[in-house]
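A.B. asks: My questions will all concern the structure given below.
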Number of protein chains: 2
Amino acid sequence: MTAKQNQQLDLYFHALADPARRSMIQRLTRGPASVSELGKPLQMSLPAVVQHVQVLESSGLIRSEKIGRVRMCRIDVRALKAAENWLIGRRTSIEKRGDTPA
Amino acid sequence: MTAKQNQQLDLYFHALADPARRSMIQRLTRGPASVSELGKPLQMSLPAVVQHVQVLESSGLIRSEKIGRVRMCRIDVRALKAAENWLIGRRTSIEKRGDTPA
């Protein structure tokens, strides 16, 4: 793993360590959504919603583009997969060792 | 997912969002290790190492027990798997939708 990939994991896991941001990721698994759609189920102000979206976007887990007056967001599946792969790699190392109780 | 499981994910992902803590997890995939062994490859003071171990332990990703004068740590594979499962669940939701570019 390169230093850059390792730094990227810091950002992914930090972004995932918040229930509001995970709820946004969850919503985006159903398809692209606007910032206000992402905020709808959350009991928070629009600025707070925007801030969470920015953390997700600067981590690389989501991308956004302005379509007319609306900012639409979507997941970057490769980023989700990179975080997943790190965890799978560690777990399979343990299982290969084979002496760890479940 | 229960509220408690959701809070647990906050702790897991927060614990994983640091390169020193991921290096400790990486080391523990090879088997149990003492706190000082976990700190050996890291350029940091023992109190800093202990603090990282405490974050990992209070998240539930590792457990420790005192054996004689040495505190030995090991991974809780179920915790690693719970974090992994959340990511896999989201990714497979996207893939089932089938309209997302790689």
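Letters for chains follow the order of the structure tokens (A, B, ...), residue numbers begin at 1 for each chain, and ligand numbers begin at 1 in the order shown.
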Over every C-alpha pair, in sequence order, do a least-squares fit of chain A onto chain B and save the fitted chain as a compact mmCIF listing (two decimals) with N, CA and C atoms, in the first residue's frame.
C.D. replies:
```
# COMPACT_ATOMS: atom_id res chain seq x y z
N MET A 1 -30.80 -2.56 11.67
CA MET A 1 -29.68 -2.28 12.60
C MET A 1 -30.18 -1.53 13.84
N THR A 2 -29.76 -1.97 15.01
CA THR A 2 -30.17 -1.29 16.24
C THR A 2 -29.36 0.00 16.43
N ALA A 3 -29.86 0.89 17.30
CA ALA A 3 -29.13 2.13 17.62
C ALA A 3 -27.76 1.79 18.19
N LYS A 4 -27.72 0.73 18.98
CA LYS A 4 -26.44 0.34 19.60
C LYS A 4 -25.43 -0.13 18.54
N GLN A 5 -25.93 -0.92 17.57
CA GLN A 5 -25.05 -1.38 16.49
C GLN A 5 -24.54 -0.19 15.67
N ASN A 6 -25.43 0.81 15.50
CA ASN A 6 -25.06 1.98 14.73
C ASN A 6 -23.98 2.79 15.47
N GLN A 7 -24.14 2.94 16.78
CA GLN A 7 -23.12 3.62 17.59
C GLN A 7 -21.80 2.85 17.56
N GLN A 8 -21.93 1.53 17.53
CA GLN A 8 -20.74 0.69 17.49
C GLN A 8 -19.94 0.96 16.20
N LEU A 9 -20.67 1.15 15.10
CA LEU A 9 -19.99 1.45 13.83
C LEU A 9 -19.23 2.77 13.91
N ASP A 10 -19.80 3.79 14.61
CA ASP A 10 -19.06 5.05 14.82
C ASP A 10 -17.70 4.75 15.44
N LEU A 11 -17.72 3.91 16.47
CA LEU A 11 -16.48 3.62 17.20
C LEU A 11 -15.49 2.83 16.35
N TYR A 12 -16.00 1.83 15.62
CA TYR A 12 -15.10 1.03 14.77
C TYR A 12 -14.43 1.92 13.72
N PHE A 13 -15.26 2.69 13.00
CA PHE A 13 -14.69 3.48 11.90
C PHE A 13 -13.77 4.58 12.44
N HIS A 14 -14.15 5.18 13.58
CA HIS A 14 -13.26 6.18 14.17
C HIS A 14 -11.90 5.53 14.52
N ALA A 15 -11.96 4.36 15.13
CA ALA A 15 -10.72 3.68 15.53
C ALA A 15 -9.85 3.35 14.31
N LEU A 16 -10.51 3.04 13.20
CA LEU A 16 -9.77 2.65 11.98
C LEU A 16 -9.21 3.85 11.21
N ALA A 17 -9.66 5.06 11.57
CA ALA A 17 -9.30 6.26 10.79
C ALA A 17 -7.96 6.84 11.20
N ASP A 18 -7.03 6.00 11.59
CA ASP A 18 -5.72 6.48 12.02
C ASP A 18 -4.66 5.46 11.61
N PRO A 19 -3.58 5.92 10.97
CA PRO A 19 -2.58 4.98 10.44
C PRO A 19 -1.87 4.18 11.54
N ALA A 20 -1.65 4.79 12.71
CA ALA A 20 -0.99 4.05 13.81
C ALA A 20 -1.90 2.93 14.28
N ARG A 21 -3.18 3.23 14.41
CA ARG A 21 -4.11 2.19 14.88
C ARG A 21 -4.29 1.10 13.83
N ARG A 22 -4.30 1.47 12.55
CA ARG A 22 -4.39 0.42 11.52
C ARG A 22 -3.12 -0.44 11.51
N SER A 23 -1.98 0.19 11.79
CA SER A 23 -0.73 -0.61 11.84
C SER A 23 -0.79 -1.60 13.01
N MET A 24 -1.42 -1.19 14.12
CA MET A 24 -1.58 -2.11 15.25
C MET A 24 -2.50 -3.28 14.89
N ILE A 25 -3.59 -2.96 14.21
CA ILE A 25 -4.51 -4.02 13.76
C ILE A 25 -3.77 -4.98 12.83
N GLN A 26 -3.01 -4.37 11.92
CA GLN A 26 -2.22 -5.17 10.98
C GLN A 26 -1.29 -6.13 11.73
N ARG A 27 -0.58 -5.61 12.73
CA ARG A 27 0.32 -6.47 13.53
C ARG A 27 -0.46 -7.59 14.21
N LEU A 28 -1.64 -7.24 14.73
CA LEU A 28 -2.43 -8.23 15.49
C LEU A 28 -3.05 -9.31 14.60
N THR A 29 -3.09 -9.09 13.29
CA THR A 29 -3.56 -10.16 12.41
C THR A 29 -2.58 -11.34 12.44
N ARG A 30 -1.32 -11.09 12.85
CA ARG A 30 -0.33 -12.18 12.94
C ARG A 30 -0.41 -12.92 14.26
N GLY A 31 -1.22 -12.41 15.21
CA GLY A 31 -1.35 -13.05 16.51
C GLY A 31 -1.29 -12.02 17.62
N PRO A 32 -1.61 -12.44 18.86
CA PRO A 32 -1.61 -11.51 19.98
C PRO A 32 -0.25 -10.82 20.16
N ALA A 33 -0.28 -9.62 20.71
CA ALA A 33 0.96 -8.86 20.93
C ALA A 33 0.80 -7.98 22.16
N SER A 34 1.95 -7.69 22.78
CA SER A 34 1.92 -6.78 23.93
C SER A 34 1.82 -5.34 23.42
N VAL A 35 1.47 -4.44 24.34
CA VAL A 35 1.37 -3.02 23.99
C VAL A 35 2.71 -2.52 23.45
N SER A 36 3.82 -2.95 24.08
CA SER A 36 5.12 -2.43 23.60
C SER A 36 5.48 -3.00 22.23
N GLU A 37 5.10 -4.25 21.97
CA GLU A 37 5.30 -4.79 20.61
C GLU A 37 4.49 -4.00 19.58
N LEU A 38 3.26 -3.62 19.96
CA LEU A 38 2.42 -2.86 19.03
C LEU A 38 3.03 -1.50 18.72
N GLY A 39 3.73 -0.93 19.72
CA GLY A 39 4.31 0.39 19.53
C GLY A 39 5.64 0.37 18.80
N LYS A 40 6.32 -0.79 18.80
CA LYS A 40 7.69 -0.87 18.30
C LYS A 40 7.87 -0.24 16.90
N PRO A 41 7.03 -0.59 15.91
CA PRO A 41 7.27 -0.01 14.58
C PRO A 41 6.88 1.46 14.45
N LEU A 42 6.24 2.01 15.48
CA LEU A 42 5.72 3.38 15.38
C LEU A 42 6.68 4.35 16.06
N GLN A 43 6.87 5.49 15.45
CA GLN A 43 7.77 6.48 16.04
C GLN A 43 6.98 7.34 16.99
N MET A 44 6.64 6.80 18.16
CA MET A 44 5.90 7.61 19.12
C MET A 44 6.19 7.15 20.54
N SER A 45 5.87 8.04 21.48
CA SER A 45 6.12 7.76 22.90
C SER A 45 5.21 6.63 23.39
N LEU A 46 5.60 5.97 24.47
CA LEU A 46 4.75 4.92 25.03
C LEU A 46 3.37 5.45 25.41
N PRO A 47 3.26 6.62 26.07
CA PRO A 47 1.91 7.13 26.38
C PRO A 47 1.03 7.28 25.12
N ALA A 48 1.63 7.72 24.03
CA ALA A 48 0.86 7.86 22.78
C ALA A 48 0.41 6.49 22.28
N VAL A 49 1.30 5.52 22.38
CA VAL A 49 0.96 4.14 21.98
C VAL A 49 -0.21 3.63 22.83
N VAL A 50 -0.08 3.83 24.15
CA VAL A 50 -1.13 3.37 25.08
C VAL A 50 -2.48 4.00 24.72
N GLN A 51 -2.44 5.28 24.38
CA GLN A 51 -3.68 5.97 24.05
C GLN A 51 -4.34 5.35 22.79
N HIS A 52 -3.53 5.05 21.80
CA HIS A 52 -4.07 4.41 20.58
C HIS A 52 -4.65 3.02 20.92
N VAL A 53 -3.94 2.28 21.76
CA VAL A 53 -4.44 0.95 22.16
C VAL A 53 -5.79 1.11 22.87
N GLN A 54 -5.90 2.14 23.70
CA GLN A 54 -7.16 2.36 24.42
C GLN A 54 -8.32 2.70 23.48
N VAL A 55 -8.02 3.49 22.45
CA VAL A 55 -9.08 3.80 21.47
C VAL A 55 -9.53 2.51 20.79
N LEU A 56 -8.56 1.68 20.40
CA LEU A 56 -8.90 0.40 19.77
C LEU A 56 -9.70 -0.49 20.71
N GLU A 57 -9.29 -0.53 21.97
CA GLU A 57 -9.97 -1.42 22.90
C GLU A 57 -11.37 -0.91 23.24
N SER A 58 -11.51 0.40 23.43
CA SER A 58 -12.85 0.88 23.80
C SER A 58 -13.80 0.83 22.60
N SER A 59 -13.26 0.79 21.38
CA SER A 59 -14.12 0.60 20.21
C SER A 59 -14.65 -0.83 20.14
N GLY A 60 -13.92 -1.77 20.74
CA GLY A 60 -14.30 -3.18 20.65
C GLY A 60 -13.52 -3.93 19.59
N LEU A 61 -12.66 -3.24 18.82
CA LEU A 61 -11.90 -3.93 17.77
C LEU A 61 -10.83 -4.85 18.34
N ILE A 62 -10.30 -4.50 19.51
CA ILE A 62 -9.33 -5.39 20.16
C ILE A 62 -9.75 -5.62 21.62
N ARG A 63 -9.21 -6.68 22.18
CA ARG A 63 -9.36 -6.93 23.61
C ARG A 63 -7.98 -7.07 24.20
N SER A 64 -7.86 -6.83 25.49
CA SER A 64 -6.55 -7.03 26.11
C SER A 64 -6.73 -7.68 27.46
N GLU A 65 -5.68 -8.39 27.88
CA GLU A 65 -5.69 -8.92 29.25
C GLU A 65 -4.27 -8.88 29.77
N LYS A 66 -4.17 -8.69 31.08
CA LYS A 66 -2.87 -8.60 31.71
C LYS A 66 -2.40 -10.03 32.01
N ILE A 67 -1.23 -10.37 31.45
CA ILE A 67 -0.66 -11.70 31.72
C ILE A 67 0.66 -11.41 32.44
N GLY A 68 0.69 -11.67 33.74
CA GLY A 68 1.85 -11.29 34.54
C GLY A 68 1.95 -9.77 34.52
N ARG A 69 3.11 -9.26 34.08
CA ARG A 69 3.27 -7.80 34.06
C ARG A 69 3.02 -7.21 32.67
N VAL A 70 2.59 -8.05 31.75
CA VAL A 70 2.46 -7.60 30.36
C VAL A 70 1.00 -7.59 29.93
N ARG A 71 0.56 -6.50 29.29
CA ARG A 71 -0.79 -6.45 28.75
C ARG A 71 -0.77 -6.96 27.32
N MET A 72 -1.46 -8.09 27.09
CA MET A 72 -1.48 -8.69 25.76
C MET A 72 -2.78 -8.32 25.05
N CYS A 73 -2.65 -8.01 23.77
CA CYS A 73 -3.81 -7.56 22.98
C CYS A 73 -4.09 -8.57 21.87
N ARG A 74 -5.37 -8.68 21.53
CA ARG A 74 -5.71 -9.47 20.35
C ARG A 74 -6.95 -8.86 19.68
N ILE A 75 -7.08 -9.13 18.40
CA ILE A 75 -8.21 -8.62 17.63
C ILE A 75 -9.49 -9.36 17.99
N ASP A 76 -10.61 -8.64 17.98
CA ASP A 76 -11.91 -9.30 18.00
C ASP A 76 -12.41 -9.38 16.55
N VAL A 77 -12.31 -10.57 15.98
CA VAL A 77 -12.61 -10.72 14.55
C VAL A 77 -14.06 -10.34 14.25
N ARG A 78 -14.97 -10.58 15.21
CA ARG A 78 -16.37 -10.25 14.96
C ARG A 78 -16.56 -8.75 14.74
N ALA A 79 -15.77 -7.94 15.45
CA ALA A 79 -15.87 -6.49 15.30
C ALA A 79 -15.41 -6.07 13.90
N LEU A 80 -14.28 -6.65 13.48
CA LEU A 80 -13.75 -6.36 12.14
C LEU A 80 -14.79 -6.74 11.08
N LYS A 81 -15.42 -7.88 11.32
CA LYS A 81 -16.42 -8.40 10.38
C LYS A 81 -17.66 -7.50 10.36
N ALA A 82 -18.04 -6.93 11.51
CA ALA A 82 -19.22 -6.06 11.55
C ALA A 82 -18.99 -4.80 10.72
N ALA A 83 -17.79 -4.23 10.81
CA ALA A 83 -17.47 -3.04 10.00
C ALA A 83 -17.47 -3.42 8.52
N GLU A 84 -16.85 -4.55 8.22
CA GLU A 84 -16.79 -5.06 6.85
C GLU A 84 -18.21 -5.28 6.29
N ASN A 85 -19.06 -5.89 7.11
CA ASN A 85 -20.42 -6.20 6.66
C ASN A 85 -21.21 -4.96 6.30
N TRP A 86 -21.00 -3.88 7.06
CA TRP A 86 -21.73 -2.66 6.73
C TRP A 86 -21.33 -2.19 5.33
N LEU A 87 -20.02 -2.20 5.07
CA LEU A 87 -19.54 -1.75 3.76
C LEU A 87 -20.02 -2.67 2.64
N ILE A 88 -19.96 -3.98 2.88
CA ILE A 88 -20.40 -4.93 1.85
C ILE A 88 -21.89 -4.74 1.57
N GLY A 89 -22.66 -4.53 2.62
CA GLY A 89 -24.11 -4.32 2.46
C GLY A 89 -24.39 -3.13 1.56
N ARG A 90 -23.67 -2.03 1.79
CA ARG A 90 -23.90 -0.84 0.97
C ARG A 90 -23.47 -1.09 -0.47
N ARG A 91 -22.30 -1.71 -0.64
CA ARG A 91 -21.80 -1.91 -2.00
C ARG A 91 -22.71 -2.84 -2.79
N THR A 92 -23.20 -3.91 -2.15
CA THR A 92 -24.06 -4.83 -2.89
C THR A 92 -25.40 -4.16 -3.23
N SER A 93 -25.89 -3.26 -2.37
CA SER A 93 -27.11 -2.51 -2.72
C SER A 93 -26.90 -1.74 -4.02
N ILE A 94 -25.72 -1.12 -4.12
CA ILE A 94 -25.44 -0.33 -5.33
C ILE A 94 -25.35 -1.25 -6.53
N GLU A 95 -24.67 -2.37 -6.36
CA GLU A 95 -24.46 -3.28 -7.50
C GLU A 95 -25.76 -3.92 -7.94
N LYS A 96 -26.67 -4.18 -6.98
CA LYS A 96 -27.98 -4.72 -7.36
C LYS A 96 -28.75 -3.74 -8.24
N ARG A 97 -28.58 -2.44 -7.92
CA ARG A 97 -29.23 -1.41 -8.71
C ARG A 97 -28.72 -1.47 -10.15
N GLY A 98 -27.40 -1.69 -10.24
CA GLY A 98 -26.81 -2.06 -11.52
C GLY A 98 -26.63 -0.94 -12.54
N ASP A 99 -26.87 0.30 -12.13
CA ASP A 99 -26.74 1.38 -13.13
C ASP A 99 -25.57 2.32 -12.82
N THR A 100 -24.71 1.87 -11.89
CA THR A 100 -23.61 2.75 -11.48
C THR A 100 -22.33 2.38 -12.21
N PRO A 101 -21.70 3.35 -12.84
CA PRO A 101 -20.43 3.04 -13.51
C PRO A 101 -19.39 2.65 -12.47
N ALA A 102 -18.49 1.75 -12.87
CA ALA A 102 -17.40 1.32 -11.96
C ALA A 102 -16.53 2.52 -11.65
```
A.B. asks: Can you list, as a PyMOL selection string, every residue of chain B that DSSP puts in helix (DSSP H, G or I)?
C.D. replies: chain B and resi 3-16+19-28+35-39+46-59+77-97
A.B. asks: Name the residues of chain A that fall into strand (DSSP E) according to DSSP on the backbone, using the chain letters and numbers of this document, as a PyMOL selection string.
C.D. replies: chain A and resi 33-34+62-67+70-75
